[in-house]
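Chemist: Sharing model.cif (mmCIF, C-alpha atoms) below.
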```cif
data_structure
#
loop_
_atom_site.label_atom_id
_atom_site.label_comp_id
_atom_site.auth_asym_id
_atom_site.auth_seq_id
_atom_site.Cartn_x
_atom_site.Cartn_y
_atom_site.Cartn_z
CA MET Y 1 109.73 90.76 34.78
CA ARG Y 2 108.49 93.00 37.61
CA LEU Y 3 107.05 91.38 40.73
CA VAL Y 4 105.16 93.19 43.48
CA GLY Y 5 103.25 92.44 46.64
CA VAL Y 6 99.56 93.37 46.63
CA ARG Y 7 96.38 93.20 48.65
CA VAL Y 8 93.15 93.19 46.65
CA ARG Y 9 90.81 95.86 48.00
CA GLY Y 10 88.59 94.34 50.68
CA ASP Y 11 90.92 91.34 51.21
CA ASP Y 12 93.75 91.07 53.76
CA VAL Y 13 95.63 88.31 51.93
CA VAL Y 14 99.07 89.36 50.65
CA ARG Y 15 99.82 88.01 47.19
CA VAL Y 16 102.75 88.27 44.81
CA ALA Y 17 101.80 89.57 41.37
CA ARG Y 18 103.42 90.35 38.06
CA LEU Y 19 103.35 94.07 37.29
CA ASP Y 20 102.69 95.10 33.69
CA GLY Y 21 102.22 98.85 33.40
CA ASP Y 22 98.87 99.64 35.02
CA THR Y 23 97.80 96.01 35.58
CA VAL Y 24 98.86 93.23 37.94
CA THR Y 25 98.44 89.49 37.44
CA LEU Y 26 98.04 87.60 40.72
CA LEU Y 27 100.44 84.65 40.96
CA ALA Y 28 100.14 83.21 44.48
CA GLU Y 29 99.74 84.00 48.17
CA VAL Y 30 103.07 85.34 49.41
CA ASN Y 31 104.10 82.23 51.39
CA GLU Y 32 103.05 79.92 48.56
CA PHE Y 33 104.99 82.05 46.09
CA TRP Y 34 108.29 81.87 47.98
CA ALA Y 35 107.85 78.13 48.54
CA ASP Y 36 108.09 77.63 44.76
CA ALA Y 37 109.17 80.97 43.34
CA ARG Y 38 111.26 79.62 40.45
CA SER Y 39 108.44 77.52 39.03
CA LEU Y 40 105.87 80.28 39.34
CA VAL Y 41 108.12 82.84 37.65
CA ALA Y 42 109.03 80.39 34.87
CA LYS Y 43 105.34 79.64 34.24
CA VAL Y 44 104.51 83.28 33.50
CA ALA Y 45 107.80 84.35 31.91
CA GLY Y 46 106.61 83.73 28.36
CA ILE Y 47 103.21 85.34 28.72
CA ARG Y 48 102.95 88.68 26.96
CA GLU Y 49 101.78 91.75 28.82
CA GLY Y 50 98.02 92.18 29.04
CA LEU Y 51 97.05 88.53 28.45
CA ARG Y 52 95.08 86.48 30.97
CA LEU Y 53 96.92 83.32 32.05
CA ALA Y 54 95.36 80.06 30.95
CA ASP Y 55 95.08 78.50 34.41
CA GLY Y 56 92.84 81.21 35.83
CA ASN Y 57 95.28 83.72 37.31
CA VAL Y 58 93.41 87.00 37.66
CA THR Y 59 94.59 90.25 36.08
CA LEU Y 60 93.47 93.48 37.76
CA SER Y 61 93.99 97.20 37.39
CA THR Y 62 96.59 98.61 39.79
CA GLU Y 63 93.77 100.82 41.09
CA ALA Y 64 92.06 97.69 42.45
CA VAL Y 65 94.96 96.73 44.72
CA THR Y 66 97.14 98.17 47.48
CA PHE Y 67 100.85 97.62 47.05
CA VAL Y 68 102.69 96.00 49.98
CA PRO Y 69 106.13 94.38 50.38
CA PRO Y 70 106.33 91.01 48.52
CA VAL Y 71 107.90 89.46 51.62
CA PRO Y 72 106.49 86.80 54.00
CA PRO Y 73 106.46 87.55 57.73
CA SER Y 74 109.03 84.77 58.30
CA ALA Y 75 111.63 86.33 55.98
CA ARG Y 76 115.11 87.03 57.29
CA VAL Y 77 116.10 90.50 56.13
CA ILE Y 78 119.89 90.72 56.41
CA CYS Y 79 121.47 94.10 55.68
CA VAL Y 80 125.13 94.94 55.08
CA GLY Y 81 126.41 98.12 56.70
CA LEU Y 82 129.33 100.16 55.36
CA ASN Y 83 128.80 98.39 52.06
CA TYR Y 84 130.78 100.80 49.92
CA ARG Y 85 133.95 102.74 50.63
CA ALA Y 86 132.53 106.25 50.18
CA HIS Y 87 129.84 105.55 52.76
CA ALA Y 88 132.40 104.30 55.27
CA ALA Y 89 134.52 107.40 54.72
CA GLU Y 90 131.47 109.64 55.11
CA GLY Y 91 130.99 108.31 58.65
CA SER Y 92 134.73 108.26 59.45
CA PHE Y 93 134.67 104.46 59.64
CA GLU Y 94 137.42 102.07 58.63
CA VAL Y 95 136.37 99.59 55.95
CA PRO Y 96 135.80 96.40 58.01
CA GLU Y 97 137.64 93.17 57.31
CA HIS Y 98 134.32 91.32 57.58
CA PRO Y 99 130.88 92.69 56.64
CA THR Y 100 128.95 94.60 59.30
CA LEU Y 101 125.55 92.91 59.36
CA PHE Y 102 122.28 93.97 60.94
CA GLY Y 103 118.73 92.74 60.67
CA ARG Y 104 115.44 94.36 59.86
CA TRP Y 105 112.08 93.09 61.05
CA THR Y 106 109.58 92.59 58.24
CA ALA Y 107 107.28 95.08 60.03
CA SER Y 108 109.84 97.78 59.15
CA LEU Y 109 109.38 97.18 55.41
CA SER Y 110 107.04 99.16 53.19
CA VAL Y 111 106.62 100.41 49.62
CA GLY Y 112 107.00 103.76 47.93
CA GLY Y 113 104.51 106.48 48.76
CA VAL Y 114 103.64 105.22 52.25
CA PRO Y 115 104.16 107.88 54.97
CA VAL Y 116 106.83 107.11 57.57
CA ALA Y 117 106.56 108.57 61.07
CA VAL Y 118 109.74 110.07 62.54
CA PRO Y 119 110.48 108.29 65.86
CA ALA Y 120 110.46 110.33 69.06
CA GLY Y 121 113.73 112.12 69.72
CA GLU Y 122 114.83 112.14 66.08
CA ALA Y 123 115.28 115.33 64.07
CA GLY Y 124 114.35 113.36 60.98
CA LEU Y 125 115.23 110.20 59.09
CA ASP Y 126 118.33 109.78 56.92
CA TRP Y 127 117.74 108.10 53.57
CA GLU Y 128 120.16 105.56 52.12
CA GLY Y 129 119.59 104.27 48.60
CA GLU Y 130 120.31 100.54 48.48
CA VAL Y 131 119.74 97.48 46.28
CA ALA Y 132 117.93 94.50 47.82
CA ALA Y 133 118.54 90.94 46.62
CA TYR Y 134 115.77 88.34 46.95
CA VAL Y 135 117.01 84.80 47.56
CA ALA Y 136 114.70 82.05 46.30
CA GLU Y 137 116.40 78.95 47.73
CA PRO Y 138 118.17 78.04 50.98
CA VAL Y 139 121.90 78.83 50.75
CA ARG Y 140 124.48 77.51 53.23
CA ASP Y 141 128.29 77.58 53.05
CA ALA Y 142 128.04 78.56 49.39
CA ASP Y 143 130.74 79.95 47.14
CA PRO Y 144 129.93 83.26 45.38
CA THR Y 145 128.81 81.62 42.13
CA THR Y 146 126.38 79.28 43.87
CA ALA Y 147 125.04 82.07 46.07
CA LEU Y 148 124.42 84.30 43.05
CA LYS Y 149 122.42 81.56 41.33
CA ALA Y 150 120.01 81.56 44.28
CA VAL Y 151 119.04 85.20 43.71
CA LEU Y 152 115.61 85.51 42.09
CA GLY Y 153 115.82 89.27 41.54
CA TYR Y 154 116.59 92.71 42.87
CA SER Y 155 114.75 95.83 43.93
CA THR Y 156 115.51 99.32 45.10
CA PHE Y 157 115.44 99.75 48.88
CA ASN Y 158 115.39 103.01 50.84
CA ASP Y 159 117.07 102.21 54.16
CA LEU Y 160 115.55 105.05 56.17
CA THR Y 161 117.56 105.38 59.37
CA ALA Y 162 116.93 106.93 62.78
CA ARG Y 163 120.51 108.08 63.16
CA ARG Y 164 120.37 109.16 66.82
CA ALA Y 165 118.97 105.79 67.88
CA GLN Y 166 121.46 103.94 65.69
CA LYS Y 167 124.39 105.53 67.52
CA LEU Y 168 123.14 104.79 71.04
CA THR Y 169 124.78 101.34 71.08
CA SER Y 170 127.23 99.29 69.02
CA GLN Y 171 124.24 97.42 67.54
CA TRP Y 172 122.36 99.24 64.76
CA THR Y 173 119.02 97.44 65.17
CA LEU Y 174 117.26 100.22 67.06
CA GLY Y 175 117.96 102.84 64.40
CA LYS Y 176 117.07 100.60 61.47
CA ASN Y 177 113.63 99.28 62.42
CA ALA Y 178 111.17 102.15 62.68
CA ASP Y 179 107.73 101.17 61.40
CA ARG Y 180 107.45 101.29 57.59
CA SER Y 181 110.98 102.76 57.32
CA GLY Y 182 112.18 100.44 54.55
CA PRO Y 183 110.33 101.16 51.28
CA LEU Y 184 110.94 98.57 48.56
CA GLY Y 185 110.51 98.94 44.81
CA PRO Y 186 109.24 96.19 42.48
CA ILE Y 187 111.44 93.10 42.17
CA VAL Y 188 113.17 92.96 38.78
CA THR Y 189 114.09 89.36 37.98
CA ALA Y 190 117.78 88.54 37.76
CA ASP Y 191 117.59 87.53 34.09
CA GLU Y 192 116.81 91.18 33.25
CA VAL Y 193 119.29 92.75 35.68
CA GLY Y 194 122.33 90.55 34.99
CA ILE Y 195 125.17 90.40 37.51
CA CYS Y 196 124.29 93.18 39.92
CA GLY Y 197 127.79 93.58 41.38
CA THR Y 198 129.27 94.72 38.06
CA GLY Y 199 127.48 98.04 37.79
CA CYS Y 200 124.03 97.71 39.30
CA GLY Y 201 123.01 100.80 41.23
CA CYS Y 202 120.17 103.15 42.08
CA VAL Y 203 119.68 106.86 41.43
CA PRO Y 204 117.84 108.79 44.20
CA GLU Y 205 115.14 111.19 43.03
#
```
Can the structure in the file be given as structure tokens, please?

Modeler:
Amino acid sequence: MRLVGVRVRGDDVVRVARLDGDTVTLLAEVNEFWADARSLVAKVAGIREGLRLADGNVTLSTEAVTFVPPVPPSARVICVGLNYRAHAAEGSFEVPEHPTLFGRWTASLSVGGVPVAVPAGEAGLDWEGEVAAYVAEPVRDADPTTALKAVLGYSTFNDLTARRAQKLTSQWTLGKNADRSGPLGPIVTADEVGICGTGCGCVPE
């Protein structure tokens, strides 16, 4: 199943919807969706493409909506730097003993096709093809198996980086949070992806 964030034309409310080709079926307002994501996804999992849901969920053409990130403003977006050996070697970094983490504000997230302004003082933005995992339940002090069960799905993520700003300090936040610099693809639910760490990847175009 593919899940996307949308705004219906003329309405500022962000909703999560199921994407089926050139139609979207509205599931819930984004905060309501993430409060009960498992149940909402399970409810529509057996519905075939193109059918209207029995409880009144509305199906619209993709031309009637604007795509936006399917992420609530309160989300914590935690990114892992130097997350594969070739990338560490490319920057002449040692592979760290513990993950290098940095955060992104939700205002830095976007979707494909949205223009991104280059911040002042930057020659351009570096692209980094990544995979984003969407966690549906609170997870604390979890072992890997338990943590993996909390993942609802995955999407592509272009971690556009202002490299000059990133290198100004030991913290990467400044270079990783330009407005709309993190385009996300549709969420693909974990049941379709499988275990992402055993071969999941993305191919830049």

Chemist: Could you tell me which residues the PyMOL selection byres ((chain Y and resi 73) around 9) grabs in this file, written as an MDAnalysis selection string?

Modeler: chainID Y and resid 31 71:72 74:76 105:107

Chemist: Would you mind listing what lies within 10 Å of Thr62 (chain Y) as a list in words, with all atoms listed in the file counted and same-chain residues fewer than 4 positions away left out?

Modeler: Val6, Val8, Leu19, Asp20, Gly21, Asp22, Thr23, Val24, Thr25, Thr66 and Phe67 of chain Y

Chemist: I would like the residues chosen by the PyMOL selection byres ((chain Y and resi 185) around 12) on the shown file; could you give them as a PyMOL selection string?

Modeler: chain Y and resi 2-5+19+67-71+109-114+129-133+153-159+182-184+186-188+202

Chemist: Expanded to explicit residues, what is the PyMOL selection byres ((chain Y and resi 172-179) around 6) for this file, as a list of chain:residue names?

Modeler: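 Going through the file, the PyMOL selection byres ((chain Y and resi 172-179) around 6) ends up selecting Y:Arg104, Y:Ser108, Y:Thr161, Y:Ala162, Y:Arg163, Y:Ala165, Y:Gln166, Y:Gln171, Y:Arg180, Y:Ser181.
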
Chemist: Suppose we keep C-alpha atoms; can you now write the selection as a PDB file, in the frame of the given file?

Modeler:
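New file again.pdb:
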```pdb
ATOM      1  CA  ARG Y 104     115.440  94.360  59.860  1.00  0.00           C
ATOM      2  CA  SER Y 108     109.840  97.780  59.150  1.00  0.00           C
ATOM      3  CA  THR Y 161     117.560 105.380  59.370  1.00  0.00           C
ATOM      4  CA  ALA Y 162     116.930 106.930  62.780  1.00  0.00           C
ATOM      5  CA  ARG Y 163     120.510 108.080  63.160  1.00  0.00           C
ATOM      6  CA  ALA Y 165     118.970 105.790  67.880  1.00  0.00           C
ATOM      7  CA  GLN Y 166     121.460 103.940  65.690  1.00  0.00           C
ATOM      8  CA  GLN Y 171     124.240  97.420  67.540  1.00  0.00           C
ATOM      9  CA  ARG Y 180     107.450 101.290  57.590  1.00  0.00           C
ATOM     10  CA  SER Y 181     110.980 102.760  57.320  1.00  0.00           C
TER      11      SER Y 181
END
```

Chemist: May I ask for the distance between CA of Val135 (chain Y) and CA of Glu192 (chain Y), given in Å to one decimal place?

Modeler: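 About the pair CA of Val135 (chain Y) and CA of Glu192 (chain Y): they are 15.7 Å apart.
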
Chemist: Just give me the gap between CA of Cys196 (chain Y) and CA of Arg140 (chain Y) in Å, one decimal is fine.

Modeler: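 Going from CA of Cys196 (chain Y) over to CA of Arg140 (chain Y), I get 20.6 Å.
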